[in-house]
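Participant: For reference, this is protein-v3.cif, and it has mmCIF, N, CA and C atoms.
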data_start
#
loop_
_atom_site.label_atom_id
_atom_site.label_comp_id
_atom_site.auth_asym_id
_atom_site.auth_seq_id
_atom_site.Cartn_x
_atom_site.Cartn_y
_atom_site.Cartn_z
N MET D 679 25.62 -12.72 20.09
CA MET D 679 25.87 -11.34 20.43
C MET D 679 25.65 -11.15 21.93
N MET D 680 26.53 -10.41 22.55
CA MET D 680 26.45 -10.16 23.98
C MET D 680 25.45 -9.04 24.28
N THR D 681 24.64 -9.23 25.32
CA THR D 681 23.69 -8.20 25.72
C THR D 681 24.45 -7.00 26.29
N GLN D 682 24.09 -5.81 25.82
CA GLN D 682 24.73 -4.57 26.24
C GLN D 682 23.78 -3.77 27.13
N ASN D 683 24.33 -2.94 28.01
CA ASN D 683 23.56 -1.95 28.74
C ASN D 683 23.67 -0.65 27.95
N ILE D 684 22.54 -0.12 27.51
CA ILE D 684 22.53 1.05 26.63
C ILE D 684 21.73 2.17 27.29
N ALA D 685 22.29 3.39 27.28
CA ALA D 685 21.59 4.58 27.76
C ALA D 685 21.22 5.44 26.56
N ILE D 686 19.98 5.89 26.53
CA ILE D 686 19.51 6.78 25.48
C ILE D 686 19.10 8.08 26.15
N VAL D 687 19.63 9.20 25.64
CA VAL D 687 19.28 10.51 26.18
C VAL D 687 18.24 11.13 25.26
N GLY D 688 17.06 11.34 25.81
CA GLY D 688 15.96 11.94 25.05
C GLY D 688 14.84 10.95 24.82
N ALA D 689 13.65 11.29 25.33
CA ALA D 689 12.49 10.42 25.20
C ALA D 689 11.51 10.97 24.17
N GLY D 690 12.08 11.56 23.10
CA GLY D 690 11.26 11.97 21.97
C GLY D 690 11.02 10.78 21.07
N ILE D 691 10.43 11.02 19.93
CA ILE D 691 10.07 9.90 19.05
C ILE D 691 11.30 9.10 18.62
N SER D 692 12.42 9.76 18.36
CA SER D 692 13.63 9.03 17.94
C SER D 692 14.20 8.18 19.06
N GLY D 693 14.30 8.78 20.26
CA GLY D 693 14.82 8.02 21.40
C GLY D 693 13.94 6.84 21.76
N LEU D 694 12.63 7.04 21.73
CA LEU D 694 11.71 5.96 22.05
C LEU D 694 11.74 4.86 20.99
N THR D 695 11.85 5.25 19.72
CA THR D 695 11.92 4.25 18.66
C THR D 695 13.21 3.44 18.76
N ALA D 696 14.33 4.13 18.99
CA ALA D 696 15.60 3.42 19.15
C ALA D 696 15.53 2.49 20.35
N GLY D 697 14.98 2.99 21.46
CA GLY D 697 14.86 2.16 22.66
C GLY D 697 14.00 0.93 22.42
N ARG D 698 12.90 1.12 21.73
CA ARG D 698 12.02 -0.02 21.43
C ARG D 698 12.74 -1.08 20.61
N ASN D 699 13.47 -0.65 19.61
CA ASN D 699 14.19 -1.60 18.76
C ASN D 699 15.33 -2.28 19.51
N LEU D 700 16.05 -1.53 20.33
CA LEU D 700 17.21 -2.09 21.03
C LEU D 700 16.82 -3.02 22.17
N THR D 701 15.63 -2.85 22.75
CA THR D 701 15.24 -3.72 23.88
C THR D 701 15.03 -5.16 23.46
N GLN D 702 14.96 -5.41 22.17
CA GLN D 702 14.81 -6.80 21.72
C GLN D 702 16.04 -7.63 22.06
N LYS D 703 17.22 -6.98 22.17
CA LYS D 703 18.45 -7.73 22.44
C LYS D 703 19.33 -7.11 23.52
N HIS D 704 18.93 -5.96 24.07
CA HIS D 704 19.79 -5.27 25.02
C HIS D 704 18.97 -4.71 26.19
N ASN D 705 19.68 -4.32 27.24
CA ASN D 705 19.06 -3.64 28.38
C ASN D 705 19.15 -2.14 28.10
N VAL D 706 18.01 -1.48 28.03
CA VAL D 706 17.97 -0.07 27.63
C VAL D 706 17.36 0.77 28.74
N THR D 707 17.99 1.91 29.02
CA THR D 707 17.43 2.91 29.92
C THR D 707 17.35 4.22 29.14
N ILE D 708 16.18 4.86 29.18
CA ILE D 708 15.99 6.13 28.48
C ILE D 708 15.90 7.24 29.52
N PHE D 709 16.69 8.30 29.32
CA PHE D 709 16.72 9.45 30.21
C PHE D 709 16.16 10.66 29.48
N ASP D 710 15.39 11.47 30.20
CA ASP D 710 14.87 12.70 29.63
C ASP D 710 14.76 13.75 30.72
N LYS D 711 14.97 15.01 30.37
CA LYS D 711 14.90 16.10 31.34
C LYS D 711 13.46 16.46 31.72
N SER D 712 12.52 16.09 30.89
CA SER D 712 11.13 16.46 31.12
C SER D 712 10.42 15.45 32.01
N ARG D 713 9.23 15.83 32.46
CA ARG D 713 8.43 14.94 33.32
C ARG D 713 7.89 13.74 32.57
N GLY D 714 7.65 13.91 31.28
CA GLY D 714 7.05 12.82 30.51
C GLY D 714 7.78 12.61 29.20
N VAL D 715 7.27 11.69 28.43
CA VAL D 715 7.89 11.38 27.14
C VAL D 715 7.26 12.22 26.03
N GLY D 716 7.88 12.22 24.90
CA GLY D 716 7.31 12.88 23.73
C GLY D 716 8.22 13.88 23.06
N GLY D 717 9.08 14.54 23.83
CA GLY D 717 9.96 15.53 23.21
C GLY D 717 9.15 16.59 22.49
N ARG D 718 9.43 16.77 21.21
CA ARG D 718 8.72 17.77 20.42
C ARG D 718 7.29 17.35 20.09
N MET D 719 6.90 16.16 20.49
CA MET D 719 5.53 15.71 20.29
C MET D 719 4.77 15.65 21.61
N SER D 720 5.16 16.49 22.55
CA SER D 720 4.52 16.43 23.86
C SER D 720 3.38 17.45 23.96
N THR D 721 2.57 17.27 24.97
CA THR D 721 1.39 18.09 25.20
C THR D 721 1.48 18.71 26.58
N ARG D 722 1.13 19.97 26.70
CA ARG D 722 1.10 20.66 27.99
C ARG D 722 -0.35 20.78 28.44
N TYR D 723 -0.52 20.74 29.75
CA TYR D 723 -1.87 20.79 30.33
C TYR D 723 -1.96 21.88 31.38
N SER D 724 -3.13 22.47 31.51
CA SER D 724 -3.45 23.36 32.62
C SER D 724 -4.92 23.10 32.98
N GLU D 725 -5.42 23.82 33.95
CA GLU D 725 -6.83 23.64 34.33
C GLU D 725 -7.77 24.09 33.22
N LEU D 726 -7.34 25.03 32.39
CA LEU D 726 -8.21 25.61 31.39
C LEU D 726 -8.03 25.05 29.98
N TYR D 727 -6.87 24.49 29.69
CA TYR D 727 -6.61 24.08 28.31
C TYR D 727 -5.49 23.05 28.25
N GLU D 728 -5.32 22.49 27.08
CA GLU D 728 -4.16 21.65 26.77
C GLU D 728 -3.72 22.01 25.36
N PHE D 729 -2.43 21.94 25.11
CA PHE D 729 -1.94 22.27 23.78
C PHE D 729 -0.66 21.51 23.46
N ASP D 730 -0.48 21.23 22.18
CA ASP D 730 0.74 20.62 21.67
C ASP D 730 1.74 21.75 21.46
N HIS D 731 2.84 21.72 22.20
CA HIS D 731 3.75 22.85 22.12
C HIS D 731 4.96 22.61 21.23
N GLY D 732 5.05 21.47 20.64
CA GLY D 732 6.16 21.18 19.73
C GLY D 732 5.65 21.03 18.32
N ALA D 733 5.77 19.85 17.79
CA ALA D 733 5.33 19.58 16.42
C ALA D 733 3.81 19.61 16.35
N GLN D 734 3.29 20.35 15.38
CA GLN D 734 1.84 20.37 15.19
C GLN D 734 1.38 19.23 14.30
N TYR D 735 2.30 18.72 13.49
CA TYR D 735 2.01 17.62 12.58
C TYR D 735 3.32 16.94 12.23
N PHE D 736 3.24 15.83 11.53
CA PHE D 736 4.45 15.20 11.01
C PHE D 736 4.15 14.63 9.63
N THR D 737 5.20 14.38 8.88
CA THR D 737 5.07 13.81 7.54
C THR D 737 5.65 12.41 7.52
N ALA D 738 5.28 11.66 6.52
CA ALA D 738 5.82 10.31 6.34
C ALA D 738 6.19 10.16 4.87
N LYS D 739 7.48 10.10 4.62
CA LYS D 739 7.96 9.94 3.24
C LYS D 739 8.51 8.54 3.00
N ASP D 740 9.03 7.92 4.04
CA ASP D 740 9.60 6.58 3.93
C ASP D 740 8.47 5.55 3.87
N GLU D 741 8.52 4.67 2.90
CA GLU D 741 7.45 3.68 2.71
C GLU D 741 7.29 2.76 3.92
N ARG D 742 8.39 2.43 4.59
CA ARG D 742 8.30 1.57 5.78
C ARG D 742 7.56 2.29 6.90
N PHE D 743 7.83 3.59 7.06
CA PHE D 743 7.14 4.37 8.09
C PHE D 743 5.66 4.50 7.76
N LYS D 744 5.34 4.73 6.50
CA LYS D 744 3.94 4.80 6.08
C LYS D 744 3.21 3.49 6.38
N MET D 745 3.89 2.38 6.17
CA MET D 745 3.29 1.08 6.44
C MET D 745 3.01 0.91 7.93
N ILE D 746 3.94 1.36 8.77
CA ILE D 746 3.74 1.28 10.22
C ILE D 746 2.55 2.14 10.62
N LEU D 747 2.46 3.36 10.08
CA LEU D 747 1.36 4.26 10.43
C LEU D 747 0.01 3.71 10.00
N SER D 748 -0.02 2.95 8.93
CA SER D 748 -1.30 2.41 8.45
C SER D 748 -1.68 1.10 9.13
N SER D 749 -0.85 0.61 10.04
CA SER D 749 -1.16 -0.65 10.71
C SER D 749 -2.29 -0.47 11.73
N GLU D 750 -2.87 -1.58 12.15
CA GLU D 750 -3.96 -1.55 13.13
C GLU D 750 -3.53 -0.91 14.44
N THR D 751 -2.26 -1.00 14.76
CA THR D 751 -1.75 -0.44 16.01
C THR D 751 -2.08 1.04 16.13
N PHE D 752 -2.04 1.76 15.01
CA PHE D 752 -2.21 3.21 15.04
C PHE D 752 -3.51 3.70 14.42
N GLU D 753 -4.43 2.80 14.07
CA GLU D 753 -5.62 3.22 13.33
C GLU D 753 -6.49 4.22 14.10
N ASP D 754 -6.49 4.18 15.42
CA ASP D 754 -7.30 5.13 16.20
C ASP D 754 -6.49 6.34 16.67
N VAL D 755 -5.19 6.34 16.41
CA VAL D 755 -4.31 7.38 16.95
C VAL D 755 -3.80 8.33 15.87
N ILE D 756 -3.46 7.82 14.71
CA ILE D 756 -2.89 8.64 13.65
C ILE D 756 -3.98 8.99 12.64
N LYS D 757 -4.13 10.29 12.39
CA LYS D 757 -5.15 10.77 11.46
C LYS D 757 -4.50 11.65 10.40
N PRO D 758 -4.97 11.57 9.15
CA PRO D 758 -4.47 12.52 8.15
C PRO D 758 -4.91 13.93 8.51
N TRP D 759 -4.06 14.88 8.26
CA TRP D 759 -4.38 16.28 8.56
C TRP D 759 -4.53 17.01 7.25
N ASP D 760 -5.75 17.32 6.91
CA ASP D 760 -6.05 18.02 5.67
C ASP D 760 -5.91 19.51 5.93
N SER D 761 -4.75 20.03 5.64
CA SER D 761 -4.50 21.44 5.94
C SER D 761 -3.87 22.13 4.74
N ARG D 762 -3.89 23.41 4.80
CA ARG D 762 -3.19 24.22 3.81
C ARG D 762 -2.05 24.91 4.53
N ALA D 763 -0.85 24.54 4.19
CA ALA D 763 0.32 25.14 4.83
C ALA D 763 1.05 26.02 3.81
N PHE D 764 1.70 27.05 4.32
CA PHE D 764 2.45 27.97 3.48
C PHE D 764 3.80 28.23 4.12
N TYR D 765 4.75 28.64 3.32
CA TYR D 765 6.01 29.12 3.86
C TYR D 765 6.30 30.48 3.25
N LYS D 766 7.10 31.26 3.96
CA LYS D 766 7.40 32.61 3.50
C LYS D 766 8.69 32.60 2.71
N LYS D 767 8.64 33.17 1.53
CA LYS D 767 9.84 33.33 0.70
C LYS D 767 9.88 34.80 0.30
N GLU D 768 10.86 35.49 0.84
CA GLU D 768 10.97 36.94 0.70
C GLU D 768 9.67 37.56 1.22
N ASN D 769 8.88 38.20 0.38
CA ASN D 769 7.64 38.81 0.85
C ASN D 769 6.40 38.06 0.38
N ASP D 770 6.58 36.85 -0.11
CA ASP D 770 5.45 36.07 -0.62
C ASP D 770 5.17 34.87 0.27
N LEU D 771 3.91 34.46 0.31
CA LEU D 771 3.53 33.21 0.94
C LEU D 771 3.35 32.17 -0.15
N ILE D 772 4.11 31.09 -0.05
CA ILE D 772 4.11 30.05 -1.06
C ILE D 772 3.42 28.81 -0.51
N PRO D 773 2.44 28.23 -1.24
CA PRO D 773 1.81 26.99 -0.76
C PRO D 773 2.86 25.88 -0.63
N ASP D 774 2.81 25.18 0.47
CA ASP D 774 3.73 24.07 0.71
C ASP D 774 3.07 22.80 0.20
N THR D 775 3.62 22.25 -0.84
CA THR D 775 3.09 21.02 -1.43
C THR D 775 4.02 19.85 -1.13
N GLY D 776 4.72 19.92 0.00
CA GLY D 776 5.76 18.95 0.34
C GLY D 776 5.28 17.59 0.78
N GLY D 777 4.03 17.31 0.73
CA GLY D 777 3.58 15.97 1.09
C GLY D 777 2.43 15.97 2.06
N PHE D 778 1.97 14.79 2.34
CA PHE D 778 0.82 14.59 3.21
C PHE D 778 1.22 14.76 4.67
N ARG D 779 0.34 15.33 5.47
CA ARG D 779 0.62 15.56 6.89
C ARG D 779 -0.29 14.69 7.75
N TYR D 780 0.25 14.32 8.91
CA TYR D 780 -0.49 13.51 9.87
C TYR D 780 -0.46 14.19 11.23
N VAL D 781 -1.49 13.92 12.01
CA VAL D 781 -1.52 14.34 13.41
C VAL D 781 -1.84 13.13 14.27
N SER D 782 -1.45 13.22 15.50
CA SER D 782 -1.76 12.19 16.46
C SER D 782 -3.01 12.63 17.21
N TYR D 783 -3.97 11.74 17.36
CA TYR D 783 -5.27 12.09 17.92
C TYR D 783 -5.48 11.38 19.26
N PRO D 784 -5.98 12.05 20.27
CA PRO D 784 -6.51 13.41 20.29
C PRO D 784 -5.45 14.48 20.53
N ARG D 785 -4.23 14.08 20.86
CA ARG D 785 -3.14 15.05 21.05
C ARG D 785 -1.85 14.40 20.58
N MET D 786 -0.82 15.20 20.35
CA MET D 786 0.41 14.66 19.77
C MET D 786 1.09 13.63 20.67
N ASN D 787 0.97 13.75 21.97
CA ASN D 787 1.66 12.76 22.83
C ASN D 787 0.94 11.41 22.86
N SER D 788 -0.19 11.29 22.16
CA SER D 788 -0.87 9.99 22.05
C SER D 788 -0.08 9.02 21.20
N PHE D 789 0.72 9.55 20.30
CA PHE D 789 1.52 8.73 19.40
C PHE D 789 2.60 8.01 20.19
#
In C-alpha coordinates, how does this file's structure come out?

Facilitator:
Amino acid sequence: MMTQNIAIVGAGISGLTAGRNLTQKHNVTIFDKSRGVGGRMSTRYSELYEFDHGAQYFTAKDERFKMILSSETFEDVIKPWDSRAFYKKENDLIPDTGGFRYVSYPRMNSF
(Lines of atoms letter the chains of each structure in order from A and count residues from 1; the text may use other names and numbers.)
(Lines give C-alpha, C1' and ligand atoms only; values in the text may rest on other atoms or scores of the structure.)
Protein backbone atom coordinates (compact mmCIF):
# COMPACT_ATOMS: atom_id res chain seq x y z
CA MET A 1 0.00 0.00 0.00
CA MET A 2 1.28 3.45 -0.90
CA THR A 3 1.76 6.00 1.89
CA GLN A 4 -0.79 8.82 1.59
CA ASN A 5 -0.74 12.40 2.87
CA ILE A 6 -3.96 12.80 4.86
CA ALA A 7 -5.50 15.97 6.35
CA ILE A 8 -7.97 15.68 9.21
CA VAL A 9 -10.13 18.68 10.12
CA GLY A 10 -10.96 18.72 13.81
CA ALA A 11 -8.82 17.76 16.80
CA GLY A 12 -11.67 16.35 18.86
CA ILE A 13 -11.74 12.77 20.05
CA SER A 14 -12.81 11.43 16.63
CA GLY A 15 -10.19 13.37 14.67
CA LEU A 16 -7.44 12.42 17.11
CA THR A 17 -8.46 8.76 17.10
CA ALA A 18 -8.56 8.65 13.30
CA GLY A 19 -5.20 10.41 13.15
CA ARG A 20 -3.65 8.00 15.62
CA ASN A 21 -4.82 4.99 13.64
CA LEU A 22 -3.85 6.43 10.24
CA THR A 23 -0.32 7.43 11.30
CA GLN A 24 0.62 3.77 11.40
CA LYS A 25 0.75 3.76 7.58
CA HIS A 26 0.28 7.35 6.39
CA ASN A 27 1.47 10.92 6.88
CA VAL A 28 -1.26 12.71 8.84
CA THR A 29 -1.78 16.39 9.62
CA ILE A 30 -4.61 17.43 11.95
CA PHE A 31 -6.07 20.94 11.68
CA ASP A 32 -8.27 22.63 14.26
CA LYS A 33 -9.60 26.16 14.68
CA SER A 34 -8.96 26.16 18.42
CA ARG A 35 -5.72 26.74 20.31
CA GLY A 36 -5.64 23.21 21.66
CA VAL A 37 -7.00 19.75 21.10
CA GLY A 38 -10.10 18.19 22.56
CA GLY A 39 -13.06 19.62 20.68
CA ARG A 40 -16.12 18.99 22.83
CA MET A 41 -13.85 17.46 25.47
CA SER A 42 -11.80 20.59 26.00
CA THR A 43 -11.27 22.63 29.14
CA ARG A 44 -11.23 26.42 29.51
CA TYR A 45 -9.00 28.20 31.99
CA SER A 46 -8.93 31.59 33.69
CA GLU A 47 -7.11 32.98 36.71
CA LEU A 48 -10.03 32.07 38.97
CA TYR A 49 -11.34 28.78 37.61
CA GLU A 50 -11.28 26.06 34.99
CA PHE A 51 -14.25 24.28 33.49
CA ASP A 52 -15.16 21.67 30.91
CA HIS A 53 -17.29 23.54 28.42
CA GLY A 54 -18.29 20.69 26.14
CA ALA A 55 -19.05 17.14 27.16
CA GLN A 56 -19.44 16.68 30.89
CA TYR A 57 -19.20 12.90 30.57
CA PHE A 58 -19.15 10.16 27.96
CA THR A 59 -20.55 6.67 27.65
CA ALA A 60 -19.03 3.46 26.37
CA LYS A 61 -21.34 0.93 24.75
CA ASP A 62 -18.95 -0.75 22.33
CA GLU A 63 -17.07 -3.63 23.97
CA ARG A 64 -13.82 -2.72 22.17
CA PHE A 65 -14.02 0.84 23.50
CA LYS A 66 -14.74 -0.43 27.02
CA MET A 67 -11.67 -2.65 26.77
CA ILE A 68 -9.51 0.32 25.75
CA LEU A 69 -10.85 2.41 28.64
CA SER A 70 -10.07 -0.35 31.14
CA SER A 71 -6.46 -0.68 29.95
CA GLU A 72 -3.50 0.47 32.05
CA THR A 73 -3.05 3.40 29.67
CA PHE A 74 -6.15 5.09 31.07
CA GLU A 75 -6.32 3.76 34.64
CA ASP A 76 -5.39 7.13 36.19
CA VAL A 77 -7.34 9.24 33.67
CA ILE A 78 -10.75 7.64 33.14
CA LYS A 79 -13.06 7.38 36.15
CA PRO A 80 -16.62 6.07 36.43
CA TRP A 81 -19.07 8.88 37.09
CA ASP A 82 -21.71 7.84 39.57
CA SER A 83 -24.41 10.35 38.78
CA ARG A 84 -28.13 10.62 38.48
CA ALA A 85 -29.10 12.06 35.13
CA PHE A 86 -32.58 12.98 33.93
CA TYR A 87 -34.13 14.10 30.69
CA LYS A 88 -37.23 16.17 30.18
CA LYS A 89 -40.23 14.60 28.47
CA GLU A 90 -43.11 17.02 28.17
CA ASN A 91 -43.45 18.31 31.75
CA ASP A 92 -41.83 15.35 33.50
CA LEU A 93 -38.25 14.58 34.46
CA ILE A 94 -37.44 10.99 33.55
CA PRO A 95 -34.42 9.14 35.05
CA ASP A 96 -31.91 8.34 32.32
CA THR A 97 -30.93 4.71 32.63
CA GLY A 98 -29.05 4.71 29.32
CA GLY A 99 -25.83 3.24 30.63
CA PHE A 100 -22.73 3.86 32.63
CA ARG A 101 -21.00 7.25 32.42
CA TYR A 102 -17.32 8.10 32.53
CA VAL A 103 -15.35 11.28 33.11
CA SER A 104 -11.78 12.12 32.36
CA TYR A 105 -9.82 13.09 35.47
CA PRO A 106 -8.89 15.70 36.55
CA ARG A 107 -10.51 17.42 33.53
CA MET A 108 -12.03 16.28 30.25
CA ASN A 109 -9.05 17.33 28.12
CA SER A 110 -6.87 14.86 30.08
CA PHE A 111 -8.32 12.09 27.95

Participant: Near Phe764 (chain D), counting only N, CA and C atoms, which residues have an atom at most 6 Å away, once you skip same-chain residues fewer than 5 positions from it, shown as number ranges by chain?

Facilitator: D: 771-774

Participant: Please, what distance in Å, to one decimal, runs between CA of Pro784 (chain D) and CA of Ile756 (chain D)?

Facilitator: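 Atom-to-atom, CA of Pro784 (chain D) to CA of Ile756 (chain D), that is 8.9 Å.
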
Participant: Run the PyMOL selection byres (((chain D and resi 727-740 and name CA) around 7) and name CA) mentally over the shown coordinates, then write out the matched residues as a JSON list (two decimals) with N, CA and C atoms, in the coordinates of the input, using the chain letters and numbers from the document.

Facilitator:
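Below is the file that was written, result.json:
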[["chain", "number", "residue", "atom", "x", "y", "z"],
["D", 718, "ARG", "N", 9.43, 16.77, 21.21],
["D", 718, "ARG", "CA", 8.72, 17.77, 20.42],
["D", 718, "ARG", "C", 7.29, 17.35, 20.09],
["D", 719, "MET", "N", 6.90, 16.16, 20.49],
["D", 719, "MET", "CA", 5.53, 15.71, 20.29],
["D", 719, "MET", "C", 4.77, 15.65, 21.61],
["D", 720, "SER", "N", 5.16, 16.49, 22.55],
["D", 720, "SER", "CA", 4.52, 16.43, 23.86],
["D", 720, "SER", "C", 3.38, 17.45, 23.96],
["D", 721, "THR", "N", 2.57, 17.27, 24.97],
["D", 721, "THR", "CA", 1.39, 18.09, 25.20],
["D", 721, "THR", "C", 1.48, 18.71, 26.58],
["D", 722, "ARG", "N", 1.13, 19.97, 26.70],
["D", 722, "ARG", "CA", 1.10, 20.66, 27.99],
["D", 722, "ARG", "C", -0.35, 20.78, 28.44],
["D", 723, "TYR", "N", -0.52, 20.74, 29.75],
["D", 723, "TYR", "CA", -1.87, 20.79, 30.33],
["D", 723, "TYR", "C", -1.96, 21.88, 31.38],
["D", 724, "SER", "N", -3.13, 22.47, 31.51],
["D", 724, "SER", "CA", -3.45, 23.36, 32.62],
["D", 724, "SER", "C", -4.92, 23.10, 32.98],
["D", 725, "GLU", "N", -5.42, 23.82, 33.95],
["D", 725, "GLU", "CA", -6.83, 23.64, 34.33],
["D", 725, "GLU", "C", -7.77, 24.09, 33.22],
["D", 726, "LEU", "N", -7.34, 25.03, 32.39],
["D", 726, "LEU", "CA", -8.21, 25.61, 31.39],
["D", 726, "LEU", "C", -8.03, 25.05, 29.98],
["D", 741, "GLU", "N", 8.52, 4.67, 2.90],
["D", 741, "GLU", "CA", 7.45, 3.68, 2.71],
["D", 741, "GLU", "C", 7.29, 2.76, 3.92],
["D", 742, "ARG", "N", 8.39, 2.43, 4.59],
["D", 742, "ARG", "CA", 8.30, 1.57, 5.78],
["D", 742, "ARG", "C", 7.56, 2.29, 6.90],
["D", 743, "PHE", "N", 7.83, 3.59, 7.06],
["D", 743, "PHE", "CA", 7.14, 4.37, 8.09],
["D", 743, "PHE", "C", 5.66, 4.50, 7.76],
["D", 744, "LYS", "N", 5.34, 4.73, 6.50],
["D", 744, "LYS", "CA", 3.94, 4.80, 6.08],
["D", 744, "LYS", "C", 3.21, 3.49, 6.38],
["D", 777, "GLY", "N", 4.03, 17.31, 0.73],
["D", 777, "GLY", "CA", 3.58, 15.97, 1.09],
["D", 777, "GLY", "C", 2.43, 15.97, 2.06],
["D", 778, "PHE", "N", 1.97, 14.79, 2.34],
["D", 778, "PHE", "CA", 0.82, 14.59, 3.21],
["D", 778, "PHE", "C", 1.22, 14.76, 4.67],
["D", 779, "ARG", "N", 0.34, 15.33, 5.47],
["D", 779, "ARG", "CA", 0.62, 15.56, 6.89],
["D", 779, "ARG", "C", -0.29, 14.69, 7.75],
["D", 780, "TYR", "N", 0.25, 14.32, 8.91],
["D", 780, "TYR", "CA", -0.49, 13.51, 9.87],
["D", 780, "TYR", "C", -0.46, 14.19, 11.23],
["D", 781, "VAL", "N", -1.49, 13.92, 12.01],
["D", 781, "VAL", "CA", -1.52, 14.34, 13.41],
["D", 781, "VAL", "C", -1.84, 13.13, 14.27],
["D", 785, "ARG", "N", -4.23, 14.08, 20.86],
["D", 785, "ARG", "CA", -3.14, 15.05, 21.05],
["D", 785, "ARG", "C", -1.85, 14.40, 20.58],
["D", 786, "MET", "N", -0.82, 15.20, 20.35],
["D", 786, "MET", "CA", 0.41, 14.66, 19.77],
["D", 786, "MET", "C", 1.09, 13.63, 20.67]]

Participant: One decimal, in Å: what's the spacing between CA of Ile691 (chain D) and atom N of Phe789 (chain D)?

Facilitator: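 CA of Ile691 (chain D) sits 9.4 Å away from atom N of Phe789 (chain D).
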
Participant: What does the structure give for the distance between atom C of Arg698 (chain D) and CA of Ile686 (chain D), in Å to one decimal?

Facilitator: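 For atom C of Arg698 (chain D) relative to CA of Ile686 (chain D), the distance reads 11.5 Å.
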
Participant: Do you know which residues the PyMOL selection byres (((chain D and resi 710 and name CA) around 10) and name CA) returns on this file, as a list in words?

Facilitator: Ile686, Val687, Gly688, Ala689, Gly690, Gly693, Ile708, Phe709, Lys711, Ser712, Arg713, Gly714, Val715, Gly716 and Gly717 of chain D
